[in-house]
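Visitor: Data file model.json (JSON, C-alpha atoms) is appended below.
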[["chain", "number", "residue", "atom", "x", "y", "z"],
["A", 599, "MET", "CA", -42.46, 28.06, 18.33],
["A", 600, "ASN", "CA", -42.79, 29.39, 14.78],
["A", 601, "ALA", "CA", -46.39, 29.40, 13.48],
["A", 602, "LEU", "CA", -45.35, 27.89, 10.12],
["A", 603, "PRO", "CA", -45.25, 24.19, 11.20],
["A", 604, "LEU", "CA", -48.65, 24.71, 12.84],
["A", 605, "ILE", "CA", -50.15, 26.27, 9.68],
["A", 606, "LEU", "CA", -48.62, 23.62, 7.39],
["A", 607, "THR", "CA", -49.76, 20.67, 9.53],
["A", 608, "VAL", "CA", -53.31, 22.00, 9.76],
["A", 609, "PHE", "CA", -53.26, 22.84, 6.02],
["A", 610, "VAL", "CA", -52.30, 19.29, 4.94],
["A", 611, "ALA", "CA", -54.70, 17.63, 7.42],
["A", 612, "CYS", "CA", -57.57, 19.85, 6.30],
["A", 613, "ALA", "CA", -56.74, 19.38, 2.62],
["A", 614, "VAL", "CA", -57.15, 15.60, 2.99],
["A", 615, "GLU", "CA", -60.52, 16.01, 4.70],
["A", 616, "ALA", "CA", -61.61, 18.67, 2.19],
["A", 617, "VAL", "CA", -60.85, 16.32, -0.73],
["A", 618, "GLU", "CA", -63.11, 13.66, 0.82],
["A", 619, "ALA", "CA", -65.88, 16.19, 1.54],
["A", 620, "LEU", "CA", -65.59, 17.56, -2.02],
["A", 621, "THR", "CA", -66.18, 14.08, -3.47],
["A", 622, "ILE", "CA", -69.49, 13.79, -1.57],
["A", 623, "VAL", "CA", -70.60, 17.34, -2.41],
["A", 624, "LEU", "CA", -69.84, 16.81, -6.12],
["A", 625, "ALA", "CA", -71.75, 13.51, -6.15],
["A", 626, "ALA", "CA", -74.77, 15.16, -4.53],
["A", 627, "GLY", "CA", -74.65, 18.29, -6.67],
["A", 628, "ILE", "CA", -74.05, 16.72, -10.08],
["A", 629, "THR", "CA", -76.56, 13.86, -9.74],
["A", 630, "ARG", "CA", -79.23, 15.58, -7.64],
["A", 631, "GLU", "CA", -79.52, 19.33, -7.26],
["A", 632, "TRP", "CA", -76.92, 22.03, -6.56],
["A", 633, "ARG", "CA", -79.17, 24.36, -4.54],
["A", 634, "SER", "CA", -80.05, 21.72, -1.90],
["A", 635, "THR", "CA", -76.44, 20.49, -1.90],
["A", 636, "PHE", "CA", -75.15, 23.99, -1.14],
["A", 637, "GLN", "CA", -77.81, 24.40, 1.55],
["A", 638, "GLY", "CA", -76.59, 21.17, 3.20],
["A", 639, "MET", "CA", -72.96, 22.28, 2.90],
["A", 640, "GLY", "CA", -73.78, 25.71, 4.31],
["A", 641, "ALA", "CA", -75.72, 24.24, 7.25],
["A", 642, "ALA", "CA", -72.79, 21.92, 8.07],
["A", 643, "LEU", "CA", -70.30, 24.81, 7.89],
["A", 644, "VAL", "CA", -72.49, 26.84, 10.28],
["A", 645, "VAL", "CA", -72.59, 23.91, 12.76],
["A", 646, "LEU", "CA", -68.80, 23.52, 12.50],
["A", 647, "ALA", "CA", -68.27, 27.27, 13.00],
["A", 648, "VAL", "CA", -70.52, 27.21, 16.09],
["A", 649, "ILE", "CA", -68.60, 24.22, 17.53],
["A", 650, "THR", "CA", -65.26, 25.95, 16.91],
["A", 651, "ALA", "CA", -66.49, 29.25, 18.34],
["A", 652, "ALA", "CA", -67.90, 27.53, 21.43],
["A", 653, "ILE", "CA", -65.07, 25.11, 22.23],
["A", 654, "GLY", "CA", -62.03, 27.02, 20.89],
["A", 655, "PRO", "CA", -62.03, 30.00, 23.30],
["A", 656, "ALA", "CA", -63.08, 27.78, 26.24],
["A", 657, "VAL", "CA", -60.16, 25.40, 25.64],
["A", 658, "SER", "CA", -57.75, 28.35, 25.21],
["A", 659, "HIS", "CA", -58.54, 29.52, 28.75],
["A", 660, "LEU", "CA", -57.62, 26.20, 30.39],
["A", 661, "PRO", "CA", -54.28, 26.00, 32.27],
["A", 662, "LEU", "CA", -51.51, 24.90, 29.89],
["A", 663, "THR", "CA", -50.17, 21.83, 31.77],
["A", 664, "PRO", "CA", -53.43, 19.82, 32.08],
["A", 665, "LEU", "CA", -54.43, 21.03, 28.62],
["A", 666, "ARG", "CA", -51.21, 19.63, 27.14],
["A", 667, "LEU", "CA", -51.68, 16.33, 28.97],
["A", 668, "VAL", "CA", -55.24, 15.78, 27.71],
["A", 669, "VAL", "CA", -54.78, 17.26, 24.24],
["A", 670, "GLY", "CA", -51.42, 15.49, 23.84],
["A", 671, "ALA", "CA", -53.04, 12.16, 24.65],
["A", 672, "LEU", "CA", -55.91, 12.79, 22.22],
["A", 673, "LEU", "CA", -53.57, 13.93, 19.44],
["A", 674, "ALA", "CA", -51.22, 10.97, 19.92],
["A", 675, "ILE", "CA", -54.17, 8.52, 19.79],
["A", 676, "PHE", "CA", -55.68, 10.29, 16.80],
["A", 677, "GLY", "CA", -52.32, 10.50, 15.01],
["A", 678, "LEU", "CA", -51.58, 6.81, 15.61],
["A", 679, "GLN", "CA", -54.98, 5.97, 14.05],
["A", 680, "TRP", "CA", -54.04, 7.93, 10.92],
["A", 681, "LEU", "CA", -50.56, 6.38, 10.79],
["A", 682, "ARG", "CA", -51.94, 2.88, 11.30],
["A", 683, "LYS", "CA", -54.40, 3.30, 8.42],
["A", 684, "ALA", "CA", -51.78, 4.90, 6.16],
["A", 685, "VAL", "CA", -49.28, 2.08, 6.81],
["A", 686, "LEU", "CA", -51.95, -0.63, 6.25],
["A", 687, "ARG", "CA", -52.98, 1.06, 2.99],
["A", 688, "ALA", "CA", -49.39, 1.51, 1.82],
["A", 689, "THR", "CA", -48.76, -2.19, 2.33],
["A", 690, "GLY", "CA", -51.97, -3.42, 0.71],
["A", 691, "TYR", "CA", -53.52, -4.79, 3.91],
["A", 692, "LYS", "CA", -56.24, -2.18, 3.55],
["A", 693, "THR", "CA", -57.54, -0.90, 0.23],
["A", 694, "LEU", "CA", -56.44, 2.58, -0.75],
["A", 695, "HIS", "CA", -59.04, 5.28, -0.37],
["A", 696, "ASP", "CA", -60.06, 5.78, -3.97],
["A", 697, "GLU", "CA", -61.93, 9.02, -4.64],
["A", 698, "ALA", "CA", -63.09, 7.80, -8.06],
["A", 699, "SER", "CA", -64.82, 4.69, -6.67],
["A", 700, "ALA", "CA", -66.11, 6.61, -3.63],
["A", 701, "TYR", "CA", -67.62, 9.11, -6.07],
["A", 702, "LEU", "CA", -69.21, 6.35, -8.18],
["A", 703, "ARG", "CA", -70.70, 4.75, -5.05],
["A", 704, "GLU", "CA", -72.26, 8.04, -3.95],
["A", 705, "VAL", "CA", -73.52, 8.78, -7.48],
["A", 706, "THR", "CA", -75.19, 5.36, -7.77],
["A", 707, "ALA", "CA", -76.89, 5.76, -4.39],
["A", 708, "ALA", "CA", -77.91, 9.34, -5.20],
["A", 709, "LYS", "CA", -79.48, 8.29, -8.53],
["A", 710, "GLU", "CA", -81.54, 5.57, -6.85],
["A", 711, "ALA", "CA", -82.87, 7.71, -3.99],
["A", 712, "ALA", "CA", -86.33, 9.25, -4.36],
["A", 713, "ALA", "CA", -86.74, 13.04, -4.52],
["A", 714, "GLU", "CA", -88.48, 14.52, -1.50],
["A", 715, "SER", "CA", -89.04, 18.13, -0.47],
["A", 716, "ARG", "CA", -88.84, 18.91, 3.27],
["A", 717, "ARG", "CA", -88.47, 21.96, 5.54],
["A", 718, "GLY", "CA", -88.01, 24.38, 2.66],
["A", 719, "VAL", "CA", -85.35, 22.20, 1.00],
["A", 720, "ASN", "CA", -86.17, 21.03, -2.55],
["A", 721, "ASP", "CA", -84.17, 17.82, -2.43],
["A", 722, "TRP", "CA", -83.82, 16.41, 1.08],
["A", 723, "TYR", "CA", -81.49, 13.59, -0.02],
["A", 724, "ALA", "CA", -78.96, 15.99, -1.59],
["A", 725, "PHE", "CA", -79.18, 18.23, 1.49],
["A", 726, "THR", "CA", -78.54, 15.44, 4.02],
["A", 727, "LEU", "CA", -75.82, 13.78, 1.91],
["A", 728, "SER", "CA", -73.94, 17.05, 1.60],
["A", 729, "PHE", "CA", -74.60, 18.02, 5.25],
["A", 730, "LYS", "CA", -73.38, 14.70, 6.67],
["A", 731, "GLY", "CA", -70.31, 14.55, 4.42],
["A", 732, "VAL", "CA", -69.13, 18.07, 5.22],
["A", 733, "LEU", "CA", -69.96, 17.76, 8.93],
["A", 734, "LEU", "CA", -68.17, 14.43, 9.46],
["A", 735, "GLU", "CA", -65.04, 15.41, 7.53],
["A", 736, "GLY", "CA", -65.16, 18.87, 9.08],
["A", 737, "LEU", "CA", -65.24, 17.51, 12.65],
["A", 738, "GLU", "CA", -61.74, 16.13, 12.18],
["A", 739, "VAL", "CA", -60.63, 19.52, 10.91],
["A", 740, "VAL", "CA", -62.19, 21.25, 13.94],
["A", 741, "PHE", "CA", -60.51, 18.77, 16.28],
["A", 742, "ILE", "CA", -57.09, 19.42, 14.75],
["A", 743, "VAL", "CA", -57.58, 23.20, 14.62],
["A", 744, "ILE", "CA", -58.66, 23.41, 18.27],
["A", 745, "THR", "CA", -56.06, 21.03, 19.71],
["A", 746, "PHE", "CA", -53.11, 22.42, 17.76],
["A", 747, "GLY", "CA", -54.25, 26.03, 18.07],
["A", 748, "ALA", "CA", -54.97, 25.83, 21.81],
["A", 749, "ASN", "CA", -51.67, 24.14, 22.61],
["A", 750, "GLN", "CA", -49.71, 26.72, 20.67],
["A", 751, "LYS", "CA", -51.95, 29.50, 22.01],
["A", 752, "ASP", "CA", -52.49, 30.44, 18.38],
["A", 753, "ILE", "CA", -55.94, 29.35, 17.19],
["A", 754, "GLY", "CA", -55.75, 32.11, 14.56],
["A", 755, "ALA", "CA", -52.78, 30.45, 12.79],
["A", 756, "ALA", "CA", -54.53, 27.07, 12.87],
["A", 757, "VAL", "CA", -57.68, 28.62, 11.38],
["A", 758, "ILE", "CA", -55.56, 30.23, 8.62],
["A", 759, "GLY", "CA", -54.15, 26.79, 7.71],
["A", 760, "ALA", "CA", -57.63, 25.22, 7.68],
["A", 761, "VAL", "CA", -59.29, 27.98, 5.67],
["A", 762, "ALA", "CA", -56.41, 28.06, 3.15],
["A", 763, "ALA", "CA", -56.78, 24.30, 2.59],
["A", 764, "ILE", "CA", -60.55, 24.51, 2.14],
["A", 765, "VAL", "CA", -60.21, 27.44, -0.31],
["A", 766, "VAL", "CA", -57.49, 25.69, -2.36],
["A", 767, "ILE", "CA", -59.43, 22.42, -2.59],
["A", 768, "THR", "CA", -62.74, 24.19, -3.35],
["A", 769, "ILE", "CA", -61.18, 26.28, -6.15],
["A", 770, "THR", "CA", -59.46, 23.17, -7.58],
["A", 771, "GLY", "CA", -62.74, 21.24, -7.36],
["A", 772, "ILE", "CA", -64.65, 24.00, -9.17],
["A", 773, "ALA", "CA", -61.96, 24.12, -11.87],
["A", 774, "VAL", "CA", -61.80, 20.35, -12.37],
["A", 775, "ARG", "CA", -65.48, 19.58, -11.69],
["A", 776, "ALA", "CA", -64.56, 16.01, -10.77],
["A", 777, "PRO", "CA", -63.27, 14.22, -7.69],
["A", 778, "LEU", "CA", -59.60, 14.97, -7.04],
["A", 779, "THR", "CA", -58.27, 11.49, -7.76],
["A", 780, "LYS", "CA", -54.67, 12.56, -8.31],
["A", 781, "VAL", "CA", -54.16, 13.91, -4.79],
["A", 782, "PRO", "CA", -51.76, 11.52, -3.00],
["A", 783, "GLU", "CA", -54.21, 11.12, -0.12],
["A", 784, "ASN", "CA", -52.50, 8.21, 1.61],
["A", 785, "TRP", "CA", -49.11, 9.92, 1.75],
["A", 786, "MET", "CA", -50.73, 13.11, 2.99],
["A", 787, "LYS", "CA", -52.45, 11.07, 5.70],
["A", 788, "PHE", "CA", -49.11, 9.46, 6.52],
["A", 789, "ALA", "CA", -47.49, 12.90, 6.88],
["A", 790, "VAL", "CA", -50.32, 14.23, 9.03],
["A", 791, "GLY", "CA", -50.27, 11.06, 11.14],
["A", 792, "VAL", "CA", -46.55, 11.63, 11.76],
["A", 793, "MET", "CA", -47.13, 15.26, 12.78],
["A", 794, "LEU", "CA", -50.13, 14.52, 15.04],
["A", 795, "THR", "CA", -48.34, 11.61, 16.73],
["A", 796, "SER", "CA", -45.13, 13.62, 17.23],
["A", 797, "PHE", "CA", -46.83, 16.75, 18.58],
["A", 798, "GLY", "CA", -49.18, 14.63, 20.71],
["A", 799, "THR", "CA", -46.24, 12.73, 22.22],
["A", 800, "PHE", "CA", -44.33, 15.95, 22.82],
["A", 801, "TRP", "CA", -47.20, 17.86, 24.45],
["A", 802, "GLY", "CA", -48.55, 14.83, 26.33],
["A", 803, "ALA", "CA", -45.18, 14.12, 27.94],
["A", 804, "GLU", "CA", -44.75, 17.82, 28.76],
["A", 805, "GLY", "CA", -48.19, 17.78, 30.38],
["A", 806, "ALA", "CA", -47.11, 14.74, 32.41],
["A", 807, "GLY", "CA", -44.24, 16.83, 33.83],
["A", 808, "VAL", "CA", -41.34, 15.94, 31.54],
["A", 809, "ASP", "CA", -38.64, 18.43, 30.47],
["A", 810, "TRP", "CA", -37.63, 17.56, 26.92],
["A", 811, "PRO", "CA", -33.89, 17.79, 26.17],
["A", 812, "GLY", "CA", -33.48, 20.86, 23.96],
["A", 813, "ASN", "CA", -37.04, 22.04, 24.78],
["A", 814, "ASP", "CA", -38.98, 22.69, 21.52],
["A", 815, "GLY", "CA", -35.88, 21.56, 19.58],
["A", 816, "ALA", "CA", -36.74, 17.98, 20.61],
["A", 817, "LEU", "CA", -39.48, 18.09, 17.97],
["A", 818, "LEU", "CA", -36.79, 18.32, 15.30],
["A", 819, "VAL", "CA", -35.70, 14.84, 16.39],
["A", 820, "LEU", "CA", -39.11, 13.45, 17.33],
["A", 821, "VAL", "CA", -40.86, 14.18, 14.00],
["A", 822, "PRO", "CA", -38.21, 12.44, 11.81],
["A", 823, "ALA", "CA", -37.97, 9.59, 14.34],
["A", 824, "VAL", "CA", -41.73, 8.92, 14.11],
["A", 825, "ALA", "CA", -41.60, 9.19, 10.30],
["A", 826, "LEU", "CA", -38.67, 6.77, 10.09],
["A", 827, "PHE", "CA", -40.29, 4.29, 12.45],
["A", 828, "ALA", "CA", -43.57, 4.34, 10.49],
["A", 829, "ALA", "CA", -41.62, 3.96, 7.22],
["A", 830, "ALA", "CA", -39.76, 1.01, 8.77],
["A", 831, "CYS", "CA", -43.16, -0.51, 9.63],
["A", 832, "ILE", "CA", -44.11, -0.29, 5.94],
["A", 833, "PHE", "CA", -40.93, -2.19, 4.95],
["A", 834, "TRP", "CA", -41.51, -4.73, 7.73],
["A", 835, "LEU", "CA", -45.13, -5.43, 6.66],
["A", 836, "ARG", "CA", -44.18, -5.63, 2.96],
["A", 837, "ALA", "CA", -41.41, -8.11, 3.77],
["A", 838, "ARG", "CA", -43.81, -10.12, 5.91],
["A", 839, "LYS", "CA", -46.39, -10.17, 3.12],
["A", 840, "THR", "CA", -43.80, -11.31, 0.59],
["A", 841, "ALA", "CA", -42.58, -14.02, 2.97],
["A", 842, "ALA", "CA", -46.17, -15.21, 3.56],
["A", 843, "ALA", "CA", -46.83, -15.33, -0.20],
["A", 844, "ALA", "CA", -43.58, -17.21, -1.06],
["A", 845, "PRO", "CA", -44.48, -20.67, 0.41],
["A", 846, "ALA", "CA", -47.86, -20.50, -1.30],
["A", 847, "LYS", "CA", -46.16, -19.95, -4.68],
["A", 848, "GLU", "CA", -43.68, -22.76, -3.97],
["A", 849, "THR", "CA", -46.56, -25.13, -3.19],
["A", 850, "GLU", "CA", -48.27, -24.13, -6.44],
["A", 851, "THR", "CA", -45.07, -24.82, -8.44],
["A", 852, "VAL", "CA", -44.50, -28.18, -6.77],
["A", 853, "GLY", "CA", -48.17, -29.12, -7.26],
["A", 854, "SER", "CA", -48.11, -28.28, -10.99],
["D", 1157, "MET", "CA", -81.40, 7.28, 25.91],
["D", 1158, "LYS", "CA", -80.83, 5.66, 22.50],
["D", 1159, "HIS", "CA", -79.64, 8.99, 21.06],
["D", 1160, "ILE", "CA", -77.28, 9.61, 23.99],
["D", 1161, "LYS", "CA", -75.78, 6.14, 23.53],
["D", 1162, "ALA", "CA", -75.39, 6.71, 19.79],
["D", 1163, "PHE", "CA", -73.79, 10.11, 20.46],
["D", 1164, "GLY", "CA", -71.34, 8.54, 22.94],
["D", 1165, "ALA", "CA", -70.54, 5.68, 20.55],
["D", 1166, "PHE", "CA", -69.85, 8.15, 17.74],
["D", 1167, "TRP", "CA", -67.36, 10.18, 19.81],
["D", 1168, "CYS", "CA", -65.73, 7.03, 21.18],
["D", 1169, "ASP", "CA", -65.25, 5.72, 17.64],
["D", 1170, "PHE", "CA", -64.11, 9.16, 16.46],
["D", 1171, "VAL", "CA", -61.35, 9.44, 19.06],
["D", 1172, "VAL", "CA", -60.38, 5.83, 19.78],
["D", 1173, "GLY", "CA", -60.76, 4.42, 16.26],
["D", 1174, "ASP", "CA", -60.27, 0.87, 15.03],
["D", 1175, "ASP", "CA", -57.98, -0.41, 17.79],
["D", 1176, "TRP", "CA", -58.71, 0.61, 21.38],
["D", 1177, "HIS", "CA", -55.45, -1.00, 22.53],
["D", 1178, "VAL", "CA", -53.55, 1.93, 21.02],
["D", 1179, "ALA", "CA", -55.54, 4.43, 23.09],
["D", 1180, "ALA", "CA", -55.11, 2.32, 26.22],
["D", 1181, "LEU", "CA", -51.34, 2.07, 25.72],
["D", 1182, "VAL", "CA", -50.98, 5.82, 25.19],
["D", 1183, "VAL", "CA", -52.97, 6.54, 28.37],
["D", 1184, "ILE", "CA", -50.90, 3.98, 30.35],
["D", 1185, "GLY", "CA", -47.68, 5.47, 28.93],
["D", 1186, "LEU", "CA", -48.71, 8.96, 30.01],
["D", 1187, "GLY", "CA", -49.67, 7.68, 33.47],
["D", 1188, "LEU", "CA", -46.29, 5.95, 33.89],
["D", 1189, "THR", "CA", -44.48, 9.05, 32.66],
["D", 1190, "ALA", "CA", -46.31, 11.23, 35.18],
["D", 1191, "ALA", "CA", -45.64, 8.73, 37.98],
["D", 1192, "LEU", "CA", -41.92, 8.50, 37.17],
["D", 1193, "THR", "CA", -41.57, 12.25, 36.83],
["D", 1194, "HIS", "CA", -43.47, 13.28, 39.94],
["D", 1195, "ALA", "CA", -43.06, 10.34, 42.33],
["D", 1196, "ALA", "CA", -39.60, 9.03, 41.40],
["D", 1197, "LYS", "CA", -38.24, 12.40, 40.19],
["D", 1198, "VAL", "CA", -37.02, 10.81, 36.95],
["D", 1199, "ASN", "CA", -37.19, 13.00, 33.84],
["D", 1200, "ALA", "CA", -38.74, 10.17, 31.78],
["D", 1201, "TRP", "CA", -38.96, 12.02, 28.43],
["D", 1202, "TRP", "CA", -37.91, 8.82, 26.63],
["D", 1203, "LEU", "CA", -40.79, 6.68, 27.90],
["D", 1204, "LEU", "CA", -43.73, 8.00, 25.84],
["D", 1205, "PRO", "CA", -41.95, 7.78, 22.45],
["D", 1206, "ILE", "CA", -41.09, 4.13, 23.25],
["D", 1207, "VAL", "CA", -44.71, 3.42, 24.18],
["D", 1208, "VAL", "CA", -45.98, 5.17, 21.03],
["D", 1209, "PHE", "CA", -43.62, 3.15, 18.77],
["D", 1210, "ALA", "CA", -44.56, -0.07, 20.56],
["D", 1211, "ALA", "CA", -48.29, 0.72, 20.28],
["D", 1212, "LEU", "CA", -48.03, 1.31, 16.52],
["D", 1213, "ALA", "CA", -45.96, -1.83, 15.90],
["D", 1214, "TRP", "CA", -48.20, -4.00, 18.08],
["D", 1215, "SER", "CA", -51.39, -2.70, 16.53],
["D", 1216, "LEU", "CA", -50.03, -3.29, 13.00],
["D", 1217, "HIS", "CA", -48.89, -6.77, 13.99],
["D", 1218, "ARG", "CA", -52.37, -7.59, 15.35],
["D", 1219, "ALA", "CA", -54.06, -6.23, 12.23],
["D", 1220, "THR", "CA", -51.90, -8.23, 9.82],
["D", 1221, "ALA", "CA", -50.78, -11.37, 11.66],
["D", 1222, "HIS", "CA", -53.37, -13.70, 10.11],
["D", 1223, "ARG", "CA", -53.81, -11.97, 6.78],
["D", 1224, "LYS", "CA", -51.93, -12.20, 3.53]]
Please lay out the structure from this file as structure tokens.
Guide:
Amino acid sequence: MNALPLILTVFVACAVEAVEALTIVLAAGITREWRSTFQGMGAALVVLAVITAAIGPAVSHLPLTPLRLVVGALLAIFGLQWLRKAVLRATGYKTLHDEASAYLREVTAAKEAAAESRRGVNDWYAFTLSFKGVLLEGLEVVFIVITFGANQKDIGAAVIGAVAAIVVITITGIAVRAPLTKVPENWMKFAVGVMLTSFGTFWGAEGAGVDWPGNDGALLVLVPAVALFAAACIFWLRARKTAAAAPAKETETVGS
Amino acid sequence: MKHIKAFGAFWCDFVVGDDWHVAALVVIGLGLTAALTHAAKVNAWWLLPIVVFAALAWSLHRATAHRK
């Protein structure tokens, strides 16, 4: 398979996570102290690099069939989680992830926390806030890079996609010096959910022994099919919400 | 022991997420696909996509059924 879909999928997935990590880093750096914030970010990046370096090559050496079964299952489950959240947010059943309010929340908490110096770090709060934010968002990136890269036997291409996303978001963040509120996060999550679910289904079934009609070409049908089905779910939930709201309005009108 | 439990809970939440039924359905779907393919010699490529669609629809239905 061409490396481009792999790079693009990893790029978009990592961009979403990088936007969320950037919000936390900005909140810590602007309200507390940049030096400790960068130390926390650096420590988290080192941990993530160690995890990738340790697990990536080990996973790459596993036999392809069981690897595809396990990784396919994990990706499909992970992708369905993303799709589920994206559909619930698109239909108003779950509030949209708002970087501006997330930033304000972090800033308020950061302003209230006491300054404390520990283990050579000037501001322990800024360090841990930045460390946790980058580590937690980064773990999802590592998961996607390893699973996609190992399945395609091309961890290098997956790493290129991830690094490109992190560089683009970091440069944009430095230029804007504010949380990236205009990034259409939910639709990016929807797109990544579609890709993860489709690839997970494809590889999982292959690992279970299936021969897909058209081999890799089946993905050209599977990806749009998953996207269409998820889009149909959005219409279904919106219609259901409207139908649920209609009797309530009627009652109000009759009552008044 | 507390830390091991917390570590396990974190990874479980990380992979399985908000609705464990989705994960269970995917695993069952893969098991059925493997059984059909190996035991019954049926090339059941169609089964997992059906299970995945059903899992998403069912999970969304459960999450929204009693909410406006």
Visitor: If the cut-off is 6 Å, can you tell me the residues of chain A near chain D, counting all atoms listed in the file? I'd like them as an MDAnalysis selection string.
Guide: chainID A and resid 675 806 808 810 839
Visitor: Identify, on the basis of all atoms listed in the file, every residue whose closest approach to Ala829 of chain A does not exceed 12 Å; exclude the query and any residue fewer than 3 positions from it along the same chain; express the result as a short mmCIF file (atom, residue, chain, number, x, y, z; two decimals) with C-alpha atoms, in the frame of the given file.
Guide:
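Resulting contents of part.cif:
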data_model
loop_
_atom_site.label_atom_id
_atom_site.label_comp_id
_atom_site.auth_asym_id
_atom_site.auth_seq_id
_atom_site.Cartn_x
_atom_site.Cartn_y
_atom_site.Cartn_z
CA LEU A 681 -50.56 6.38 10.79
CA ARG A 682 -51.94 2.88 11.30
CA ALA A 684 -51.78 4.90 6.16
CA VAL A 685 -49.28 2.08 6.81
CA LEU A 686 -51.95 -0.63 6.25
CA ALA A 688 -49.39 1.51 1.82
CA THR A 689 -48.76 -2.19 2.33
CA TRP A 785 -49.11 9.92 1.75
CA PHE A 788 -49.11 9.46 6.52
CA ALA A 789 -47.49 12.90 6.88
CA GLY A 791 -50.27 11.06 11.14
CA VAL A 792 -46.55 11.63 11.76
CA PRO A 822 -38.21 12.44 11.81
CA ALA A 823 -37.97 9.59 14.34
CA VAL A 824 -41.73 8.92 14.11
CA ALA A 825 -41.60 9.19 10.30
CA LEU A 826 -38.67 6.77 10.09
CA ILE A 832 -44.11 -0.29 5.94
CA PHE A 833 -40.93 -2.19 4.95
CA TRP A 834 -41.51 -4.73 7.73
CA LEU A 835 -45.13 -5.43 6.66
CA ARG A 836 -44.18 -5.63 2.96
CA PHE D 1209 -43.62 3.15 18.77
CA LEU D 1212 -48.03 1.31 16.52
CA ALA D 1213 -45.96 -1.83 15.90
#
Visitor: If I take atom CA of Ile653 of chain A and atom CA of Leu620 of chain A, how far is one from the other in Å, to one decimal?
Guide: 25.4 Å
Visitor: Enter the distance from atom CA of Ala674 of chain A to atom CA of Thr795 of chain A, in Å, rounded to one decimal.
Guide: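 That distance, rounded to one decimal, is 4.3 Å.
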Visitor: Find the residues near segment 666-669 of chain A: any atom within 6 Å, counting all atoms listed in the file, skip ones fewer than 6 places away on the same chain, and give them as a PyMOL selection string.
Guide: chain A and resi 801-802+805-806
Visitor: Name the residues, using the chain letters and numbers of the file, that sit within 12 Å of (-57.4, 30.7, 10.3) when counting only C-alpha atoms, and give them as a ChimeraX atom specification.
Guide: /A:601,604-606,608-609,612,647,650,739-740,743-744,746-747,752-765
Visitor: Is there a way to get, as a list in words, all residues within 8 Å of the point (-75.7, 13.3, -1.2) in file coordinates, counting only C-alpha atoms?
Guide: Ile622, Val623, Ala625, Ala626, Gly627, Arg630, Thr635, Glu704, Ala708, Tyr723, Ala724, Phe725, Thr726, Leu727, Ser728 and Gly731 of chain A
Visitor: For the residues selected in the previous step, produce a file with C-alpha atoms as a tab-separated table (two decimals), keeping the file's coordinate frame.
Guide:
chain	number	residue	atom	x	y	z
A	622	ILE	CA	-69.49	13.79	-1.57
A	623	VAL	CA	-70.60	17.34	-2.41
A	625	ALA	CA	-71.75	13.51	-6.15
A	626	ALA	CA	-74.77	15.16	-4.53
A	627	GLY	CA	-74.65	18.29	-6.67
A	630	ARG	CA	-79.23	15.58	-7.64
A	635	THR	CA	-76.44	20.49	-1.90
A	704	GLU	CA	-72.26	8.04	-3.95
A	708	ALA	CA	-77.91	9.34	-5.20
A	723	TYR	CA	-81.49	13.59	-0.02
A	724	ALA	CA	-78.96	15.99	-1.59
A	725	PHE	CA	-79.18	18.23	1.49
A	726	THR	CA	-78.54	15.44	4.02
A	727	LEU	CA	-75.82	13.78	1.91
A	728	SER	CA	-73.94	17.05	1.60
A	731	GLY	CA	-70.31	14.55	4.42
Visitor: Report the distance between atom CA of Ala748 of chain A and atom CA of Val657 of chain A in Å, rounded to one decimal place.
Guide: 6.5 Å
